[in-house]
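Peer 1: The following block contains the structure, expressed as structure tokens.
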Amino acid sequence: MSPTTHHSRRRFLMETSCGFGYLALAGLTTQEAATANPLAARVPHFTARAKRVIFLFMDGGPSHLDTFDYKPKLNADAGRLHPNSSGRSTPLQPTLWGFRQRGQSGLWMSDLFPHLARHADDLCMINSMHTDVPNHPQATLMMHTGEFRFARPSMGAWVLYGLGTENQDLPGFVFMGGTPRTGGVQSYASAFLPASYQATALREGERMDNLASGNVGPQRRELDLTRSMDQRLLQRQQVNPELEGVIHSMELGFRMQSAVPRVLDLASESRQTLALYGIDRAETRSFGQQCLVARRFAEAGARFIEISNGRWDHHNSISREMPGHCLAIDQPIAGLLTDLKLRGLLDDTLVLWGGEFGRTPGKDGTDGRGHNGAGYTMWLAGGGVKGGLRFGATDDYGGRAITDKVHVHDLHATLLHLLGLDHQRLTYRYSGRNYSLTDVHDARVVREIIA
């Protein structure tokens, strides 16, 4: 078979079995470029505002009514019966914490976030989020993958598929913290996308010491032998994306042995930086370390970093548990934003905060709030969004989004847009049709929040 015939056959098979993305390296389709090197940096559809994403996921659904959605009428009418999403009436549950206007923008924020409040003018607050199903499994998967009925790639996998990574020695998609209780590993998996695009998961406290190797010489020779056998098989088969993925993943694993431990090693950070993230305090140490590692991965060229923080499912004891949970993340997040800004990284790093849904204005149990997917808050910072902005609104009690509503699909479309990706063009052909993160839904880019 001539080289020209081989290339034509390869291109035909790639286009018919794997699908198109968009024109990338040297005129190749995304899929062809991704097969040539799955993690190679690729050209976006248009000029990007952000190069990377740090997603701070609050697993369980934090209460927007006690954090970022000020509803004075909720306290004024406390105890009055109010219908919830299921039609059952429950007494209105007041918030126990004060709200103040913060920064020059006057953004309303709860007293539970004194450190983050100093960044009010950096925050783009979306108070009109809504999702389809107010149950943890469905909502968690919807937030991460855009679908809860079937297994779909996570948004981190889509971003890595679309853009590749800027550092070939590090994973482009990193997941830290506890695996979401109800979404499971599917929350950061690649599903039908090649396995190269799933996250590298770092459990809390894990240092990946197993990556270190005292003598890489024999390992390199073994890897070279395996690679040569794989290459010969690939030459016979001509097209085998799975085998090509194995070759690249083994090479990445070898390079990660020295690169990843360096990123995880905080010994080079100054005492002032550690204090900035709250690592010098027991209450904030765990999340502070994860936020600092996220900054180090972002600075080193990773494309998508997620930190999952649990314990936000406050059906009971919200008055006792909420302050401690907010304390654990407040200073670390503020430290992350400060550090990114000082290093000139915030302008092209999109920071996203939120959970799978919000909480009800009505009381649940003796001291808590129920699930609410009809209206809740998420915020963004950096990466081309307007700071000090409150976009959209819920009703007087915070139960339902009523103004400038933003669906999860709209959030995904906007996130991709800020990264220079068209959500309708970033596709992968699977099982006979093209799929995307927003898929067949009429998602819109929320241009009102873009700077």
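Chain lettering (A, B, ...) mirrors the order of the structure tokens, residue numbering begins at 1 for each chain separately, and ligand numbering begins at 1 in order of display.
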DSSP on the backbone, strand (DSSP E) only: what residues of range 62-133 of chain A does that give? Format it as a list of chain:residue names.
Peer 2: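 Across range 62-133 of chain A, those assigned strand (DSSP E) are A:Leu81, A:His82, A:Pro83, A:Ser89, A:Thr90, A:Pro91, A:Phe99, A:Arg100, A:Gln101, A:Arg102, A:Leu107, A:Trp108, A:Met109, A:Ser110, A:Leu123, A:Cys124, A:Met125, A:Ile126, A:Asn127, A:Ser128, A:Met129, A:His130.
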Peer 1: One number please: CA of Met176 in chain A to CA of Pro134 in chain A, in Å, one decimal.
Peer 2: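 The value is 24.7 Å.
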Peer 1: Kindly indicate which residue among A:Phe287, A:Phe297, A:Tyr428, A:Tyr435 lies nearest to Ala259 in chain A, using only C-alpha atoms for the distances.
Peer 2: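 So, comparing all the options, the nearest one is A:Phe297.
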Peer 1: With only C-alpha atoms as the atoms that count, which of A:Leu202, A:Met129, A:Val445, A:Leu380 lies nearest to Asp404 in chain A?
Peer 2: A:Met129
Peer 1: Excluding Arg88 in chain A and any residue of its chain fewer than 6 positions from it, enumerate the residues within 12 Å of it, using only C-alpha atoms, and give them as a PyMOL selection string.
Peer 2: chain A and resi 81-82+360+362-364+370
Peer 1: What's around Ala76 in chain A at 10 Å? Count only C-alpha atoms, leave out sequence neighbours fewer than 4 positions away in its own chain, and write the answer as a ChimeraX atom specification.
Peer 2: /A:71-72,80,92,94
Peer 1: Can you list, as number ranges by chain, every protein, DNA or RNA residue that comes within 8 Å of range 50-52 of chain A when you count only C-alpha atoms, leaving out same-chain residues fewer than 4 positions away?
Peer 2: A: 298, 302-304, 347-350, 383-384, 418-420
Peer 1: How would the residues just picked look written out with C-alpha atoms as a short mmCIF file (atom, residue, chain, number, x, y, z; two decimals), in the first residue's frame?
Peer 2:
```cif
data_model
loop_
_atom_site.label_atom_id
_atom_site.label_comp_id
_atom_site.auth_asym_id
_atom_site.auth_seq_id
_atom_site.Cartn_x
_atom_site.Cartn_y
_atom_site.Cartn_z
CA ALA A 298 -2.50 25.41 36.63
CA ALA A 302 -2.72 21.54 33.32
CA ARG A 303 -5.94 22.33 31.49
CA PHE A 304 -8.72 21.38 33.94
CA ASP A 347 -6.90 36.76 33.77
CA ASP A 348 -6.67 33.49 31.84
CA THR A 349 -7.74 31.05 34.56
CA LEU A 350 -11.48 30.51 34.95
CA GLY A 383 -10.97 33.89 32.72
CA GLY A 384 -12.82 36.66 30.88
CA LEU A 418 -14.51 31.32 27.33
CA LEU A 419 -11.96 28.63 26.43
CA GLY A 420 -12.37 29.44 22.75
#
```
Peer 1: Set the distance at 12 Å and use only C-alpha atoms: which residues neighbour Asp122 in chain A once local chain neighbours fewer than 5 positions away are removed? I'd like the list as a ChimeraX atom specification.
Peer 2: /A:102-107,116-117,334,337-338,340-341,346-347,350-352,379-390,451
Peer 1: Deliver the residues from the most recent selection as a file, using N, CA and C atoms, as an mmCIF file, in the first residue's frame.
Peer 2:
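As a result, selection_25.cif now contains:
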```
data_model
loop_
_atom_site.group_PDB
_atom_site.id
_atom_site.type_symbol
_atom_site.label_atom_id
_atom_site.label_comp_id
_atom_site.auth_asym_id
_atom_site.auth_seq_id
_atom_site.Cartn_x
_atom_site.Cartn_y
_atom_site.Cartn_z
ATOM 1 N N ARG A 102 -20.519 44.042 49.537
ATOM 2 C CA ARG A 102 -19.061 43.958 49.596
ATOM 3 C C ARG A 102 -18.429 44.604 48.364
ATOM 4 N N GLY A 103 -17.243 45.176 48.586
ATOM 5 C CA GLY A 103 -16.467 45.752 47.498
ATOM 6 C C GLY A 103 -17.116 46.990 46.907
ATOM 7 N N GLN A 104 -16.466 47.532 45.888
ATOM 8 C CA GLN A 104 -17.022 48.697 45.211
ATOM 9 C C GLN A 104 -18.282 48.346 44.443
ATOM 10 N N SER A 105 -18.414 47.081 44.061
ATOM 11 C CA SER A 105 -19.587 46.652 43.302
ATOM 12 C C SER A 105 -20.828 46.494 44.170
ATOM 13 N N GLY A 106 -20.635 46.385 45.498
ATOM 14 C CA GLY A 106 -21.778 46.221 46.399
ATOM 15 C C GLY A 106 -22.438 44.866 46.314
ATOM 16 N N LEU A 107 -21.661 43.853 45.969
ATOM 17 C CA LEU A 107 -22.201 42.501 45.850
ATOM 18 C C LEU A 107 -22.611 41.974 47.218
ATOM 19 N N LEU A 116 -13.352 35.673 51.423
ATOM 20 C CA LEU A 116 -13.795 35.746 50.037
ATOM 21 C C LEU A 116 -14.464 37.084 49.734
ATOM 22 N N ALA A 117 -15.079 37.692 50.758
ATOM 23 C CA ALA A 117 -15.752 38.979 50.570
ATOM 24 C C ALA A 117 -14.800 40.048 50.045
ATOM 25 N N ALA A 334 -10.059 32.293 48.913
ATOM 26 C CA ALA A 334 -9.575 33.675 48.823
ATOM 27 C C ALA A 334 -8.076 33.690 48.543
ATOM 28 N N LEU A 337 -7.470 32.891 44.824
ATOM 29 C CA LEU A 337 -7.729 34.035 43.950
ATOM 30 C C LEU A 337 -6.630 35.079 44.078
ATOM 31 N N THR A 338 -6.187 35.339 45.311
ATOM 32 C CA THR A 338 -5.106 36.297 45.525
ATOM 33 C C THR A 338 -3.824 35.848 44.838
ATOM 34 N N LEU A 340 -3.407 33.643 42.355
ATOM 35 C CA LEU A 340 -3.534 33.673 40.902
ATOM 36 C C LEU A 340 -3.367 35.090 40.367
ATOM 37 N N LYS A 341 -3.947 36.047 41.076
ATOM 38 C CA LYS A 341 -3.856 37.433 40.629
ATOM 39 C C LYS A 341 -2.422 37.949 40.732
ATOM 40 N N LEU A 346 -4.842 34.937 36.945
ATOM 41 C CA LEU A 346 -6.300 34.987 37.079
ATOM 42 C C LEU A 346 -6.968 35.419 35.784
ATOM 43 N N ASP A 347 -6.299 36.267 35.013
ATOM 44 C CA ASP A 347 -6.904 36.759 33.775
ATOM 45 C C ASP A 347 -7.229 35.627 32.805
ATOM 46 N N LEU A 350 -10.078 30.399 34.578
ATOM 47 C CA LEU A 350 -11.484 30.507 34.952
ATOM 48 C C LEU A 350 -11.721 29.674 36.209
ATOM 49 N N VAL A 351 -12.094 30.332 37.297
ATOM 50 C CA VAL A 351 -12.414 29.656 38.554
ATOM 51 C C VAL A 351 -13.934 29.558 38.660
ATOM 52 N N LEU A 352 -14.421 28.345 38.898
ATOM 53 C CA LEU A 352 -15.866 28.091 38.984
ATOM 54 C C LEU A 352 -16.170 27.453 40.324
ATOM 55 N N TRP A 379 -20.781 30.842 41.204
ATOM 56 C CA TRP A 379 -20.016 32.019 40.813
ATOM 57 C C TRP A 379 -18.769 31.638 40.032
ATOM 58 N N LEU A 380 -18.316 32.591 39.226
ATOM 59 C CA LEU A 380 -17.104 32.447 38.432
ATOM 60 C C LEU A 380 -16.184 33.620 38.738
ATOM 61 N N ALA A 381 -14.905 33.448 38.455
ATOM 62 C CA ALA A 381 -13.939 34.532 38.608
ATOM 63 C C ALA A 381 -12.838 34.357 37.585
ATOM 64 N N GLY A 382 -12.269 35.489 37.138
ATOM 65 C CA GLY A 382 -11.173 35.444 36.178
ATOM 66 C C GLY A 382 -11.635 34.954 34.822
ATOM 67 N N GLY A 383 -10.669 34.575 33.974
ATOM 68 C CA GLY A 383 -10.975 33.893 32.721
ATOM 69 C C GLY A 383 -11.926 34.597 31.792
ATOM 70 N N GLY A 384 -12.008 35.932 31.838
ATOM 71 C CA GLY A 384 -12.825 36.656 30.879
ATOM 72 C C GLY A 384 -14.239 36.970 31.311
ATOM 73 N N VAL A 385 -14.581 36.740 32.598
ATOM 74 C CA VAL A 385 -15.925 37.092 33.060
ATOM 75 C C VAL A 385 -15.902 38.455 33.753
ATOM 76 N N LYS A 386 -17.059 39.082 33.835
ATOM 77 C CA LYS A 386 -17.182 40.370 34.503
ATOM 78 C C LYS A 386 -17.131 40.191 36.017
ATOM 79 N N GLY A 387 -16.253 40.930 36.681
ATOM 80 C CA GLY A 387 -16.176 40.881 38.130
ATOM 81 C C GLY A 387 -17.157 41.837 38.778
ATOM 82 N N GLY A 388 -17.567 41.520 40.007
ATOM 83 C CA GLY A 388 -18.493 42.382 40.729
ATOM 84 C C GLY A 388 -19.885 42.407 40.138
ATOM 85 N N LEU A 389 -20.254 41.324 39.443
ATOM 86 C CA LEU A 389 -21.548 41.274 38.756
ATOM 87 C C LEU A 389 -22.472 40.278 39.421
ATOM 88 N N ARG A 390 -23.710 40.681 39.608
ATOM 89 C CA ARG A 390 -24.775 39.768 40.017
ATOM 90 C C ARG A 390 -25.682 39.597 38.820
ATOM 91 N N ALA A 451 -16.707 39.634 29.986
ATOM 92 C CA ALA A 451 -16.137 40.971 30.033
ATOM 93 C C ALA A 451 -15.832 41.453 28.618
#
```
Peer 1: Using only C-alpha atoms, find the one residue out of A:Ala120, A:Ile449, A:Ile126, A:Leu170 that sits nearest to Gly301 in chain A.
Peer 2: A:Leu170
Peer 1: Report, in Å to a single decimal, how far apart CA of Arg400 in chain A and CA of Thr377 in chain A are.
Peer 2: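 Separation of CA of Thr377 in chain A and CA of Arg400 in chain A: 10.9 Å.
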Peer 1: Can you tell me which residues surround Tyr70 in chain A at a distance of at most 8 Å, considering only C-alpha atoms, apart from same-chain residues fewer than 4 positions away, and format the answer as a VMD selection string?
Peer 2: chain A and resid 65 to 66 99 108 to 110
Peer 1: Running DSSP on the backbone, which parts of range 42-279 of chain A land in helix (DSSP H, G or I), as a PyMOL selection string?
Peer 2: chain A and resi 64-66+72-76+116-122+136-145+155-163+184-188+195-197+209-211+216-237+241-264+266-268+271-276
Peer 1: Can those selected residues be exported to a file as a compact mmCIF listing (two decimals), in the first residue's frame so that it contains C-alpha atoms?
Peer 2:
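The resulting file, part.txt, is reproduced below:
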```
# COMPACT_ATOMS: atom_id res chain seq x y z
CA HIS A 64 -27.43 29.73 48.26
CA LEU A 65 -29.79 31.36 50.76
CA ASP A 66 -27.15 31.34 53.49
CA PRO A 72 -34.50 39.73 53.37
CA LYS A 73 -38.12 38.64 52.89
CA LEU A 74 -37.12 35.11 53.89
CA ASN A 75 -36.33 36.32 57.41
CA ALA A 76 -39.24 38.75 57.52
CA LEU A 116 -13.80 35.75 50.04
CA ALA A 117 -15.75 38.98 50.57
CA ARG A 118 -12.54 40.90 49.88
CA HIS A 119 -12.71 39.48 46.34
CA ALA A 120 -16.29 40.60 45.69
CA ASP A 121 -15.19 42.73 42.75
CA ASP A 122 -13.62 39.65 41.11
CA HIS A 136 -28.02 14.10 44.07
CA PRO A 137 -27.19 11.36 41.51
CA GLN A 138 -28.93 13.03 38.60
CA ALA A 139 -27.90 16.59 39.45
CA THR A 140 -24.25 15.69 40.11
CA LEU A 141 -23.95 13.92 36.77
CA MET A 142 -25.81 16.73 35.03
CA MET A 143 -23.36 19.27 36.43
CA HIS A 144 -20.32 17.23 35.45
CA THR A 145 -21.38 15.62 32.17
CA MET A 155 -16.65 18.51 31.08
CA GLY A 156 -12.99 18.21 32.07
CA ALA A 157 -12.59 15.38 29.55
CA TRP A 158 -14.30 17.47 26.84
CA VAL A 159 -12.00 20.42 27.55
CA LEU A 160 -8.90 18.23 27.39
CA TYR A 161 -10.15 16.60 24.17
CA GLY A 162 -10.72 20.02 22.63
CA LEU A 163 -7.56 21.80 23.73
CA GLY A 184 -18.98 8.53 41.47
CA VAL A 185 -16.02 8.24 39.12
CA GLN A 186 -18.30 9.00 36.19
CA SER A 187 -18.05 12.64 37.33
CA TYR A 188 -14.49 12.80 36.03
CA ALA A 195 -9.17 7.07 28.00
CA SER A 196 -6.38 9.67 27.65
CA TYR A 197 -8.96 12.34 28.52
CA ASP A 209 4.91 8.24 45.97
CA ASN A 210 4.38 5.15 43.82
CA LEU A 211 5.37 7.25 40.82
CA VAL A 216 14.55 4.41 35.58
CA GLY A 217 17.09 2.79 33.21
CA PRO A 218 15.62 -0.74 33.20
CA GLN A 219 12.13 0.72 33.21
CA ARG A 220 12.96 2.82 30.15
CA ARG A 221 14.31 -0.22 28.28
CA GLU A 222 11.21 -2.24 29.18
CA LEU A 223 8.98 0.58 28.00
CA ASP A 224 10.91 0.89 24.73
CA LEU A 225 10.50 -2.84 24.09
CA THR A 226 6.76 -2.71 24.78
CA ARG A 227 6.41 0.36 22.58
CA SER A 228 8.24 -1.30 19.68
CA MET A 229 5.91 -4.32 19.85
CA ASP A 230 2.86 -2.07 20.02
CA GLN A 231 4.12 -0.06 17.05
CA ARG A 232 4.60 -3.19 14.94
CA LEU A 233 1.05 -4.30 15.76
CA LEU A 234 -0.22 -0.84 14.93
CA GLN A 235 1.54 -0.91 11.54
CA ARG A 236 -0.25 -4.17 10.70
CA GLN A 237 -3.65 -2.97 11.85
CA PRO A 241 -7.09 4.26 18.54
CA GLU A 242 -7.14 2.16 21.72
CA LEU A 243 -3.63 0.86 21.14
CA GLU A 244 -2.37 4.34 20.30
CA GLY A 245 -3.91 5.55 23.55
CA VAL A 246 -2.06 2.84 25.49
CA ILE A 247 1.25 3.88 23.92
CA HIS A 248 0.74 7.52 24.85
CA SER A 249 -0.50 6.77 28.37
CA MET A 250 2.53 4.60 29.14
CA GLU A 251 4.86 7.33 27.94
CA LEU A 252 2.99 9.91 30.01
CA GLY A 253 3.18 7.68 33.08
CA PHE A 254 6.96 7.44 32.66
CA ARG A 255 7.34 11.23 32.37
CA MET A 256 4.98 11.82 35.32
CA GLN A 257 7.39 10.03 37.65
CA SER A 258 9.47 13.14 38.06
CA ALA A 259 7.00 15.89 37.11
CA VAL A 260 4.01 15.11 39.34
CA PRO A 261 5.90 14.72 42.67
CA ARG A 262 7.47 18.13 42.04
CA VAL A 263 4.04 19.73 41.65
CA LEU A 264 2.76 18.04 44.82
CA LEU A 266 4.94 22.24 48.72
CA ALA A 267 8.35 22.55 50.41
CA SER A 268 9.42 25.24 47.97
CA ARG A 271 5.72 30.56 54.76
CA GLN A 272 3.70 33.57 53.62
CA THR A 273 2.13 31.59 50.78
CA LEU A 274 1.23 28.68 53.06
CA ALA A 275 -0.40 31.13 55.47
CA LEU A 276 -2.24 32.81 52.60
```
Peer 1: Could the residues of range 92-158 of chain A that have an atom at most 6 Å from range 405-417 of chain A be listed as a tab-separated table, each with its closest atom pair and the distance in Å to one decimal, counting only C-alpha atoms and ordered by chain and ascending residue number?
Peer 2:
```
residue	atom	partner	partner_atom	distance
A:Ser128	CA	A:Lys405	CA	5.0
A:Met129	CA	A:Val406	CA	4.8
A:His130	CA	A:His407	CA	5.1
A:Thr131	CA	A:His407	CA	5.9
```
Peer 1: Take the residues just selected and output them with C-alpha atoms as a PDB file, in the first residue's frame.
Peer 2:
```
ATOM      1  CA  SER A 128     -30.405  32.148  38.566  1.00  0.00           C
ATOM      2  CA  MET A 129     -28.961  28.679  38.037  1.00  0.00           C
ATOM      3  CA  HIS A 130     -31.378  25.785  37.596  1.00  0.00           C
ATOM      4  CA  THR A 131     -31.139  22.087  36.771  1.00  0.00           C
TER       5      THR A 131
END
```
Peer 1: State, in Å with one decimal place, the distance from CA of Arg343 in chain A to CA of Thr284 in chain A.
Peer 2: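 Straight-line distance from CA of Arg343 in chain A to CA of Thr284 in chain A works out to 22.2 Å.
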Peer 1: Find, counting only C-alpha atoms, the residue in A:Pro361, A:Ser308, A:Leu426, A:Gly61 that gets nearest to Gly79 in chain A.
Peer 2: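 That would be A:Pro361, the residue with the smallest distance to Gly79 in chain A.
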